[in-house]
$ cat start02.cif   # mmCIF, C-alpha atoms
data_protein
#
loop_
_atom_site.label_atom_id
_atom_site.label_comp_id
_atom_site.auth_asym_id
_atom_site.auth_seq_id
_atom_site.Cartn_x
_atom_site.Cartn_y
_atom_site.Cartn_z
CA LEU B 1 39.83 163.03 128.69
CA ALA B 2 38.13 161.00 125.97
CA LEU B 3 35.34 159.73 128.23
CA LEU B 4 34.89 162.59 130.69
CA ALA B 5 31.82 163.77 128.81
CA ALA B 6 30.18 160.39 129.40
CA ALA B 7 30.68 160.46 133.15
CA GLU B 8 26.98 160.91 133.91
CA GLN B 9 25.84 158.07 131.63
CA ALA B 10 28.71 155.59 131.99
CA PRO B 11 29.47 154.32 135.51
CA ASP B 12 32.84 152.98 134.32
CA ALA B 13 33.91 156.29 132.70
CA PRO B 14 37.18 157.65 134.14
CA GLN B 15 36.96 160.35 136.76
CA ILE B 16 39.33 163.02 138.02
CA ALA B 17 39.52 162.39 141.75
CA SER B 18 39.74 166.06 142.67
CA ALA B 19 37.10 167.26 140.16
CA GLU B 20 33.41 167.67 140.92
CA LEU B 21 30.82 167.16 138.19
CA ILE B 22 28.85 170.41 138.18
CA CYS B 23 26.34 169.66 135.44
CA HIS B 24 25.59 167.69 132.30
CA ILE B 25 24.57 169.72 129.24
CA GLU B 26 22.73 168.15 126.31
CA ASP B 27 20.88 169.27 123.20
CA LEU B 28 18.51 166.53 122.04
CA LYS B 29 18.05 167.89 118.52
CA THR B 30 21.76 167.85 117.64
CA ASP B 31 22.60 165.10 120.16
CA THR B 32 25.44 167.22 121.52
CA GLN B 33 26.63 166.54 125.07
CA ALA B 34 29.14 168.09 127.42
CA ASN B 35 30.02 167.84 131.09
CA VAL B 36 31.27 170.78 133.14
CA LEU B 37 33.52 169.92 136.08
CA LEU B 38 35.27 172.02 138.72
CA ASP B 39 38.68 171.05 140.08
CA ALA B 40 39.09 173.53 142.93
CA SER B 41 42.47 172.15 144.00
CA ARG B 42 43.96 172.70 140.53
CA LYS B 43 41.90 175.86 139.92
CA GLU B 44 40.43 174.45 136.71
CA ILE B 45 36.99 174.54 135.15
CA ILE B 46 36.83 171.57 132.77
CA VAL B 47 34.44 171.45 129.83
CA ALA B 48 34.42 167.95 128.28
CA PHE B 49 32.63 167.33 124.98
CA ARG B 50 31.43 163.87 123.97
CA GLY B 51 32.63 162.41 120.67
CA SER B 52 30.60 160.67 117.95
CA THR B 53 28.53 157.72 119.15
CA ASN B 54 25.60 157.30 116.75
CA LEU B 55 24.10 157.94 113.31
CA ASN B 56 22.90 161.41 114.24
CA ASP B 57 26.47 162.45 115.00
CA ALA B 58 27.57 160.94 111.68
CA VAL B 59 25.06 163.16 109.87
CA TYR B 60 26.65 166.26 111.37
CA ASP B 61 30.15 164.86 110.77
CA ALA B 62 29.28 164.62 107.07
CA MET B 63 28.47 168.35 106.80
CA ILE B 64 32.02 169.08 105.62
CA LEU B 65 31.30 172.27 103.69
CA GLN B 66 32.49 175.27 105.67
CA SER B 67 30.36 178.05 107.14
CA SER B 68 31.63 181.61 107.56
CA VAL B 69 31.14 182.56 111.20
CA THR B 70 32.54 184.87 113.86
CA ILE B 71 34.14 183.04 116.78
CA GLY B 72 35.73 184.92 119.65
CA GLY B 73 35.62 188.13 117.61
CA LYS B 74 37.42 186.54 114.63
CA ASP B 75 35.92 186.01 111.17
CA VAL B 76 36.71 182.42 110.22
CA ALA B 77 35.29 179.44 108.32
CA VAL B 78 34.62 176.14 110.08
CA HIS B 79 33.04 172.73 109.44
CA THR B 80 29.28 173.34 109.25
CA GLY B 81 28.30 170.26 111.25
CA PHE B 82 30.75 170.99 114.07
CA TRP B 83 29.56 174.59 114.26
CA LYS B 84 25.87 173.63 114.44
CA GLN B 85 26.52 171.18 117.25
CA TYR B 86 28.62 173.64 119.24
CA ALA B 87 26.11 176.46 118.73
CA SER B 88 23.34 174.27 120.16
CA VAL B 89 25.01 174.09 123.59
CA LYS B 90 27.04 177.32 123.59
CA HIS B 91 24.61 179.40 125.67
CA ALA B 92 24.21 176.73 128.34
CA ILE B 93 27.98 176.25 128.64
CA PHE B 94 28.63 180.00 128.84
CA GLU B 95 26.01 180.31 131.60
CA VAL B 96 27.55 177.57 133.76
CA VAL B 97 31.16 178.60 133.21
CA GLN B 98 30.52 182.29 133.91
CA ASN B 99 28.97 181.40 137.28
CA LEU B 100 31.95 179.19 138.13
CA GLN B 101 34.28 182.03 137.11
CA VAL B 102 32.54 184.30 139.61
CA GLN B 103 32.66 181.53 142.24
CA THR B 104 36.43 181.13 141.73
CA LYS B 105 36.92 184.92 141.48
CA GLY B 106 38.34 184.57 137.97
CA HIS B 107 41.38 182.57 139.10
CA ALA B 108 40.43 179.27 137.43
CA THR B 109 41.65 178.23 133.99
CA VAL B 110 38.89 177.02 131.66
CA VAL B 111 40.12 173.75 130.12
CA PHE B 112 38.34 172.34 127.07
CA VAL B 113 38.81 168.64 126.30
CA GLY B 114 37.37 166.05 123.97
CA HIS B 115 38.02 163.08 121.71
CA SER B 116 37.24 163.01 117.98
CA LEU B 117 34.10 165.10 117.38
CA GLY B 118 34.38 166.21 121.01
CA GLY B 119 37.87 167.52 120.29
CA ALA B 120 36.58 169.55 117.35
CA LEU B 121 33.89 171.14 119.53
CA ALA B 122 36.48 171.79 122.23
CA GLN B 123 38.70 173.71 119.78
CA ILE B 124 35.79 175.89 118.64
CA ALA B 125 34.67 176.52 122.22
CA ALA B 126 38.20 177.37 123.35
CA LEU B 127 38.57 180.11 120.71
CA ASP B 128 35.08 181.39 121.48
CA PHE B 129 35.86 181.69 125.20
CA ALA B 130 39.36 183.08 124.69
CA GLY B 131 37.98 185.98 122.66
CA SER B 132 34.88 186.65 124.72
CA THR B 133 33.89 187.90 128.14
CA VAL B 134 32.16 184.97 129.79
CA ALA B 135 29.36 187.19 131.08
CA ALA B 136 28.31 188.17 127.55
CA LEU B 137 25.55 185.55 127.35
CA GLY B 138 24.57 185.26 130.99
CA SER B 139 22.87 187.13 133.78
CA VAL B 140 26.04 187.95 135.75
CA PRO B 141 27.34 191.52 135.17
CA ALA B 142 30.37 191.70 132.88
CA ALA B 143 32.43 193.44 135.54
CA ALA B 144 31.97 190.45 137.84
CA ALA B 145 33.09 187.88 135.26
CA PRO B 146 36.63 188.54 134.01
CA ARG B 147 38.01 187.18 130.73
CA PRO B 148 39.14 183.62 131.50
CA SER B 149 42.48 181.91 131.02
CA VAL B 150 41.89 179.13 128.47
CA ALA B 151 43.58 175.82 127.62
CA CYS B 152 42.61 173.07 125.19
CA TYR B 153 43.64 169.39 125.12
CA THR B 154 42.17 167.05 122.52
CA LEU B 155 42.58 163.47 121.29
CA GLY B 156 42.07 162.27 117.71
CA THR B 157 40.70 165.59 116.51
CA PRO B 158 39.80 166.11 112.85
CA ARG B 159 40.60 169.38 111.09
CA VAL B 160 38.03 171.95 112.18
CA GLY B 161 38.35 175.03 109.99
CA ASP B 162 40.34 177.09 107.54
CA ALA B 163 43.76 178.74 107.97
CA ARG B 164 42.14 181.78 109.60
CA PHE B 165 40.59 179.59 112.27
CA ALA B 166 43.89 177.80 112.89
CA ARG B 167 45.82 181.07 113.19
CA ALA B 168 43.22 182.65 115.48
CA HIS B 169 43.06 179.55 117.70
CA ASP B 170 46.84 179.24 117.99
CA ALA B 171 47.31 182.96 118.71
CA ALA B 172 44.57 183.07 121.36
CA ILE B 173 45.38 179.75 123.07
CA PRO B 174 49.12 179.03 123.36
CA ASP B 175 48.28 176.16 125.72
CA SER B 176 46.46 174.08 123.08
CA PHE B 177 47.66 170.55 122.33
CA ARG B 178 46.18 168.09 119.83
CA ILE B 179 47.25 164.51 120.62
CA VAL B 180 47.45 162.15 117.62
CA ASN B 181 47.84 158.38 117.89
CA SER B 182 50.15 157.13 115.10
CA GLU B 183 48.08 156.61 111.92
CA ASP B 184 44.69 157.71 113.29
CA ILE B 185 42.77 158.32 110.07
CA VAL B 186 40.32 160.84 111.54
CA THR B 187 43.14 163.30 112.20
CA ARG B 188 43.76 163.36 108.42
CA LEU B 189 40.20 164.55 107.73
CA PRO B 190 38.74 166.66 106.23
CA GLY B 191 41.49 166.98 103.62
CA CYS B 192 43.69 170.05 103.18
CA ILE B 193 42.44 170.23 99.60
CA LEU B 194 39.05 171.27 101.05
CA ASN B 195 40.67 174.32 102.68
CA TYR B 196 41.06 172.77 106.12
CA CYS B 197 44.03 173.33 108.47
CA HIS B 198 44.84 171.90 111.87
CA ALA B 199 44.80 174.09 114.98
CA GLY B 200 46.73 173.51 118.20
CA LYS B 201 50.20 172.06 118.69
CA SER B 202 50.53 168.50 117.40
CA VAL B 203 51.63 165.80 119.83
CA LEU B 204 52.32 162.62 117.85
CA CYS B 205 52.36 159.42 119.91
CA ASP B 206 53.45 155.95 118.86
CA LYS B 207 52.31 153.10 121.09
CA LYS B 208 54.73 150.69 119.39
CA ASP B 209 57.79 152.25 121.04
CA GLY B 210 56.30 154.87 123.38
CA SER B 211 57.86 157.74 121.43
CA MET B 212 56.40 161.24 121.36
CA TRP B 213 56.92 164.17 118.98
CA VAL B 214 55.82 167.65 120.11
CA GLU B 215 55.38 170.46 117.62
CA GLY B 216 57.55 173.44 118.50
CA GLU B 217 59.79 171.36 120.77
CA SER B 218 60.86 168.39 118.64
CA LYS B 219 62.76 168.62 115.36
CA GLY B 220 60.97 168.84 112.01
CA ASP B 221 57.57 169.99 110.79
CA CYS B 222 54.22 168.46 111.63
CA PRO B 223 53.17 166.15 108.76
CA LEU B 224 49.48 166.75 109.52
CA ARG B 225 49.65 170.55 109.45
CA SER B 226 51.48 170.90 106.11
CA LEU B 227 49.34 172.08 103.22
CA ILE B 228 49.24 170.06 100.00
CA ARG B 229 51.18 172.14 97.46
CA THR B 230 51.83 169.79 94.52
CA TRP B 231 50.20 166.81 92.82
CA LYS B 232 52.93 164.61 94.34
CA ASP B 233 51.89 165.75 97.82
CA GLU B 234 48.28 164.99 96.93
CA LEU B 235 49.14 161.46 95.73
CA LEU B 236 51.19 160.77 98.87
CA HIS B 237 48.36 162.05 101.06
CA GLU B 238 45.81 159.84 99.24
CA TRP B 239 48.09 156.80 99.47
CA GLN B 240 48.59 157.24 103.22
CA PHE B 241 44.83 157.70 103.71
CA TRP B 242 43.74 154.58 101.81
CA ARG B 243 46.55 152.46 103.28
CA SER B 244 45.37 153.32 106.79
CA LEU B 245 41.76 152.65 105.82
CA VAL B 246 42.34 149.30 104.07
CA CYS B 247 44.70 148.01 106.76
CA PHE B 248 42.19 149.11 109.44
CA ASN B 249 45.09 150.62 111.42
CA GLY B 250 43.80 154.12 110.85
CA ILE B 251 40.38 153.29 112.27
CA GLN B 252 41.61 151.11 115.13
CA GLU B 253 44.06 153.74 116.31
CA HIS B 254 41.26 156.31 116.54
CA PHE B 255 39.47 154.46 119.34
CA ASP B 256 39.78 156.04 122.79
CA VAL B 257 41.13 152.75 124.20
CA SER B 258 43.97 152.89 121.67
CA TYR B 259 44.77 156.44 122.77
CA PHE B 260 44.88 155.31 126.39
CA GLU B 261 47.36 152.56 125.50
CA ALA B 262 49.52 154.95 123.47
CA LEU B 263 49.65 157.57 126.21
CA LYS B 264 50.41 154.90 128.81
CA MET B 265 53.38 153.77 126.71
CA VAL B 266 54.59 157.38 126.38
CA VAL B 267 54.39 157.93 130.15
CA VAL B 268 56.31 154.70 130.84
CA ASN B 269 58.94 155.74 128.32
CA VAL B 270 59.32 159.21 129.85
CA LEU B 271 59.61 157.79 133.37
CA GLU B 272 62.31 155.37 132.22
CA GLU B 273 64.25 158.25 130.68
CA LEU B 274 63.93 160.29 133.88
CA ASP B 275 65.15 157.51 136.18
CA PRO B 276 68.88 157.99 135.47
CA VAL B 277 68.50 161.76 135.87
CA VAL B 278 66.75 161.37 139.23
CA GLU B 279 69.35 158.88 140.44
CA GLU B 280 72.18 161.18 139.35
CA LYS B 281 70.68 164.14 141.22
CA ALA B 282 70.12 162.00 144.32
CA ALA B 283 73.74 160.84 144.24
CA ALA B 284 74.98 164.42 143.91
#
$ encode --input "start02.cif" --output "structure tokens"
Amino acid sequence: LALLAAAEQAPDAPQIASAELICHIEDLKTDTQANVLLDASRKEIIVAFRGSTNLNDAVYDAMILQSSVTIGGKDVAVHTGFWKQYASVKHAIFEVVQNLQVQTKGHATVVFVGHSLGGALAQIAALDFAGSTVAALGSVPAAAAPRPSVACYTLGTPRVGDARFARAHDAAIPDSFRIVNSEDIVTRLPGCILNYCHAGKSVLCDKKDGSMWVEGESKGDCPLRSLIRTWKDELLHEWQFWRSLVCFNGIQEHFDVSYFEALKMVVVNVLEELDPVVEEKAAA
């Protein structure tokens, strides 16, 4: 998922065997890129956003003050830089996806994916699509382009908006999962003290032992979603942040390669746990 948006530029980028690259979308001014793929066998339209790769992206990443906008019919506040980058490619993405929706007769799920900055753009786009008719910005009649089914899967995503954005996203997209690799520092930013909240269900992975914690299925509350309520919480949050930064763990674990290793460990762990169950069923 992390490198799907680079498929056109990077020959070694991972591919989905059954998915066809439909088009590459890019805005040169904001340096925002996305690939749109169609997996006919799985009935999925995949929109993959590229993460941060250069100084221009860093400039937009630094625009942490929130902008009040309407996304998918909901009044919310989101990171200004993320919103500007998404808005620069929104019309082009809507146009391509609406045509694919007509081609698939509305039976395909629109899946938004991305790593880091790409994950933030994916979350905004997912809410936008979930609350909109895909024909709204294109030339295809609205009656011919039904409201799509939407899913969102991201890796190493920073906080994107305020509590209203998080609530709207979670209500509109039940199938939204935000994968976090151990102490990835980017997933702790921007801070809750700046009125930011995480959207999507947290999936916490640990490549050390291959363990996985899924919000809503595993016990306990998500440590990344909790709001800072007291000065003690604030001190603990600051300590965890600087420890990850100084030890370099928080930066290293944000890299897409590190996510690949963590997910590989999780899959191996799950398969090992399933083996006895499979053998027991076979014996029965």
$ resolve_selection --input "start02.cif" --expression "the PyMOL selection byres ((chain B and resi 256-268) around 6)" --output "PyMOL selection string"
chain B and resi 207+210-211+253+255+269-271
$ resolve_selection --input "start02.cif" --expression "the PyMOL selection byres ((chain B and resi 181) around 7)" --output "PyMOL selection string"
chain B and resi 156+179-180+182-184+204-206+253+259+262
$ write_last_selection --input "start02.cif" --atoms "C-alpha atoms" --output "CSV table (one decimal), in the frame of the given file"
chain,number,residue,atom,x,y,z
B,156,GLY,CA,42.1,162.3,117.7
B,179,ILE,CA,47.2,164.5,120.6
B,180,VAL,CA,47.4,162.2,117.6
B,182,SER,CA,50.2,157.1,115.1
B,183,GLU,CA,48.1,156.6,111.9
B,184,ASP,CA,44.7,157.7,113.3
B,204,LEU,CA,52.3,162.6,117.8
B,205,CYS,CA,52.4,159.4,119.9
B,206,ASP,CA,53.4,156.0,118.9
B,253,GLU,CA,44.1,153.7,116.3
B,259,TYR,CA,44.8,156.4,122.8
B,262,ALA,CA,49.5,155.0,123.5
$ axis_aligned_box --input "start02.cif" --around "region 20-37 of chain B" --padding-each-side "3 Å" --output "lines of an AutoDock Vina configuration file"
center_x = 25.8
center_y = 167.9
center_z = 129.3
size_x = 21.5
size_y = 11.7
size_z = 29.3
$ closest_residue --input "start02.cif" --among "B:Asp175, B:Asp170, B:Glu215, B:Asp128" --to "Lys74 (chain B)" --atoms "all atoms listed in the file"
B:Asp128
$ residues_around --input "start02.cif" --residues "region 41-48 of chain B" --least-positions-apart "4" --cutoff "8 Å" --atoms "all atoms listed in the file" --output "ChimeraX atom specification"
/B:1,4-5,18,34-37,97,100,104,107-114,118,122
$ write_last_selection --input "start02.cif" --atoms "C-alpha atoms" --output "PDB file, keeping the file's coordinate frame"
ATOM      1  CA  LEU B   1      39.830 163.030 128.690  1.00  0.00           C
ATOM      2  CA  LEU B   4      34.890 162.590 130.690  1.00  0.00           C
ATOM      3  CA  ALA B   5      31.820 163.770 128.810  1.00  0.00           C
ATOM      4  CA  SER B  18      39.740 166.060 142.670  1.00  0.00           C
ATOM      5  CA  ALA B  34      29.140 168.090 127.420  1.00  0.00           C
ATOM      6  CA  ASN B  35      30.020 167.840 131.090  1.00  0.00           C
ATOM      7  CA  VAL B  36      31.270 170.780 133.140  1.00  0.00           C
ATOM      8  CA  LEU B  37      33.520 169.920 136.080  1.00  0.00           C
ATOM      9  CA  VAL B  97      31.160 178.600 133.210  1.00  0.00           C
ATOM     10  CA  LEU B 100      31.950 179.190 138.130  1.00  0.00           C
ATOM     11  CA  THR B 104      36.430 181.130 141.730  1.00  0.00           C
ATOM     12  CA  HIS B 107      41.380 182.570 139.100  1.00  0.00           C
ATOM     13  CA  ALA B 108      40.430 179.270 137.430  1.00  0.00           C
ATOM     14  CA  THR B 109      41.650 178.230 133.990  1.00  0.00           C
ATOM     15  CA  VAL B 110      38.890 177.020 131.660  1.00  0.00           C
ATOM     16  CA  VAL B 111      40.120 173.750 130.120  1.00  0.00           C
ATOM     17  CA  PHE B 112      38.340 172.340 127.070  1.00  0.00           C
ATOM     18  CA  VAL B 113      38.810 168.640 126.300  1.00  0.00           C
ATOM     19  CA  GLY B 114      37.370 166.050 123.970  1.00  0.00           C
ATOM     20  CA  GLY B 118      34.380 166.210 121.010  1.00  0.00           C
ATOM     21  CA  ALA B 122      36.480 171.790 122.230  1.00  0.00           C
TER      22      ALA B 122
END
$ residues_near_point --input "start02.cif" --point "(28.5, 179.5, 108.8)" --cutoff "7 Å" --atoms "only C-alpha atoms" --output "PDB file with C-alpha atoms, keeping the file's coordinate frame"
ATOM      1  CA  GLN B  66      32.490 175.270 105.670  1.00  0.00           C
ATOM      2  CA  SER B  67      30.360 178.050 107.140  1.00  0.00           C
ATOM      3  CA  SER B  68      31.630 181.610 107.560  1.00  0.00           C
ATOM      4  CA  VAL B  69      31.140 182.560 111.200  1.00  0.00           C
ATOM      5  CA  ALA B  77      35.290 179.440 108.320  1.00  0.00           C
ATOM      6  CA  THR B  80      29.280 173.340 109.250  1.00  0.00           C
TER       7      THR B  80
END
$ atom_distance --input "start02.cif" --atom1 "CA of Glu272 (chain B)" --atom2 "CA of Met212 (chain B)"
13.7 Å
$ resolve_selection --input "start02.cif" --expression "the PyMOL selection byres ((chain B and resi 50-61) around 8)" --output "JSON, numbers by chain"
{"B": [2, 3, 4, 5, 6, 30, 31, 32, 33, 34, 48, 49, 62, 63, 64, 80, 81, 82, 85, 114, 115, 116, 117, 118, 119]}
$ write_last_selection --input "start02.cif" --atoms "C-alpha atoms" --output "PDB file, in the frame of the given file"
ATOM      1  CA  ALA B   2      38.130 161.000 125.970  1.00  0.00           C
ATOM      2  CA  LEU B   3      35.340 159.730 128.230  1.00  0.00           C
ATOM      3  CA  LEU B   4      34.890 162.590 130.690  1.00  0.00           C
ATOM      4  CA  ALA B   5      31.820 163.770 128.810  1.00  0.00           C
ATOM      5  CA  ALA B   6      30.180 160.390 129.400  1.00  0.00           C
ATOM      6  CA  THR B  30      21.760 167.850 117.640  1.00  0.00           C
ATOM      7  CA  ASP B  31      22.600 165.100 120.160  1.00  0.00           C
ATOM      8  CA  THR B  32      25.440 167.220 121.520  1.00  0.00           C
ATOM      9  CA  GLN B  33      26.630 166.540 125.070  1.00  0.00           C
ATOM     10  CA  ALA B  34      29.140 168.090 127.420  1.00  0.00           C
ATOM     11  CA  ALA B  48      34.420 167.950 128.280  1.00  0.00           C
ATOM     12  CA  PHE B  49      32.630 167.330 124.980  1.00  0.00           C
ATOM     13  CA  ALA B  62      29.280 164.620 107.070  1.00  0.00           C
ATOM     14  CA  MET B  63      28.470 168.350 106.800  1.00  0.00           C
ATOM     15  CA  ILE B  64      32.020 169.080 105.620  1.00  0.00           C
ATOM     16  CA  THR B  80      29.280 173.340 109.250  1.00  0.00           C
ATOM     17  CA  GLY B  81      28.300 170.260 111.250  1.00  0.00           C
ATOM     18  CA  PHE B  82      30.750 170.990 114.070  1.00  0.00           C
ATOM     19  CA  GLN B  85      26.520 171.180 117.250  1.00  0.00           C
ATOM     20  CA  GLY B 114      37.370 166.050 123.970  1.00  0.00           C
ATOM     21  CA  HIS B 115      38.020 163.080 121.710  1.00  0.00           C
ATOM     22  CA  SER B 116      37.240 163.010 117.980  1.00  0.00           C
ATOM     23  CA  LEU B 117      34.100 165.100 117.380  1.00  0.00           C
ATOM     24  CA  GLY B 118      34.380 166.210 121.010  1.00  0.00           C
ATOM     25  CA  GLY B 119      37.870 167.520 120.290  1.00  0.00           C
TER      26      GLY B 119
END
$ closest_residue --input "start02.cif" --among "B:Leu155, B:Val89, B:Asp75, B:Val96" --to "Leu38 (chain B)" --atoms "only C-alpha atoms"
B:Val96
$ atom_distance --input "start02.cif" --atom1 "CA of Asn195 (chain B)" --atom2 "CA of Ala166 (chain B)"
11.3 Å
$ residues_around --input "start02.cif" --residues "Pro190 (chain B)" --least-positions-apart "4" --cutoff "9 Å" --atoms "only C-alpha atoms" --output "count of residues only"
10
$ atom_distance --input "start02.cif" --atom1 "CA of Arg167 (chain B)" --atom2 "CA of Thr70 (chain B)"
13.8 Å
$ closest_residue --input "start02.cif" --among "B:Leu21, B:Ala163, B:Ile93, B:Leu28" --to "Ala40 (chain B)" --atoms "all atoms listed in the file"
B:Leu21
$ residues_around --input "start02.cif" --residues "Val214 (chain B)" --least-positions-apart "2" --cutoff "10 Å" --atoms "only C-alpha atoms" --output "VMD selection string"
chain B and resid 177 to 179 201 to 205 212 216 to 222
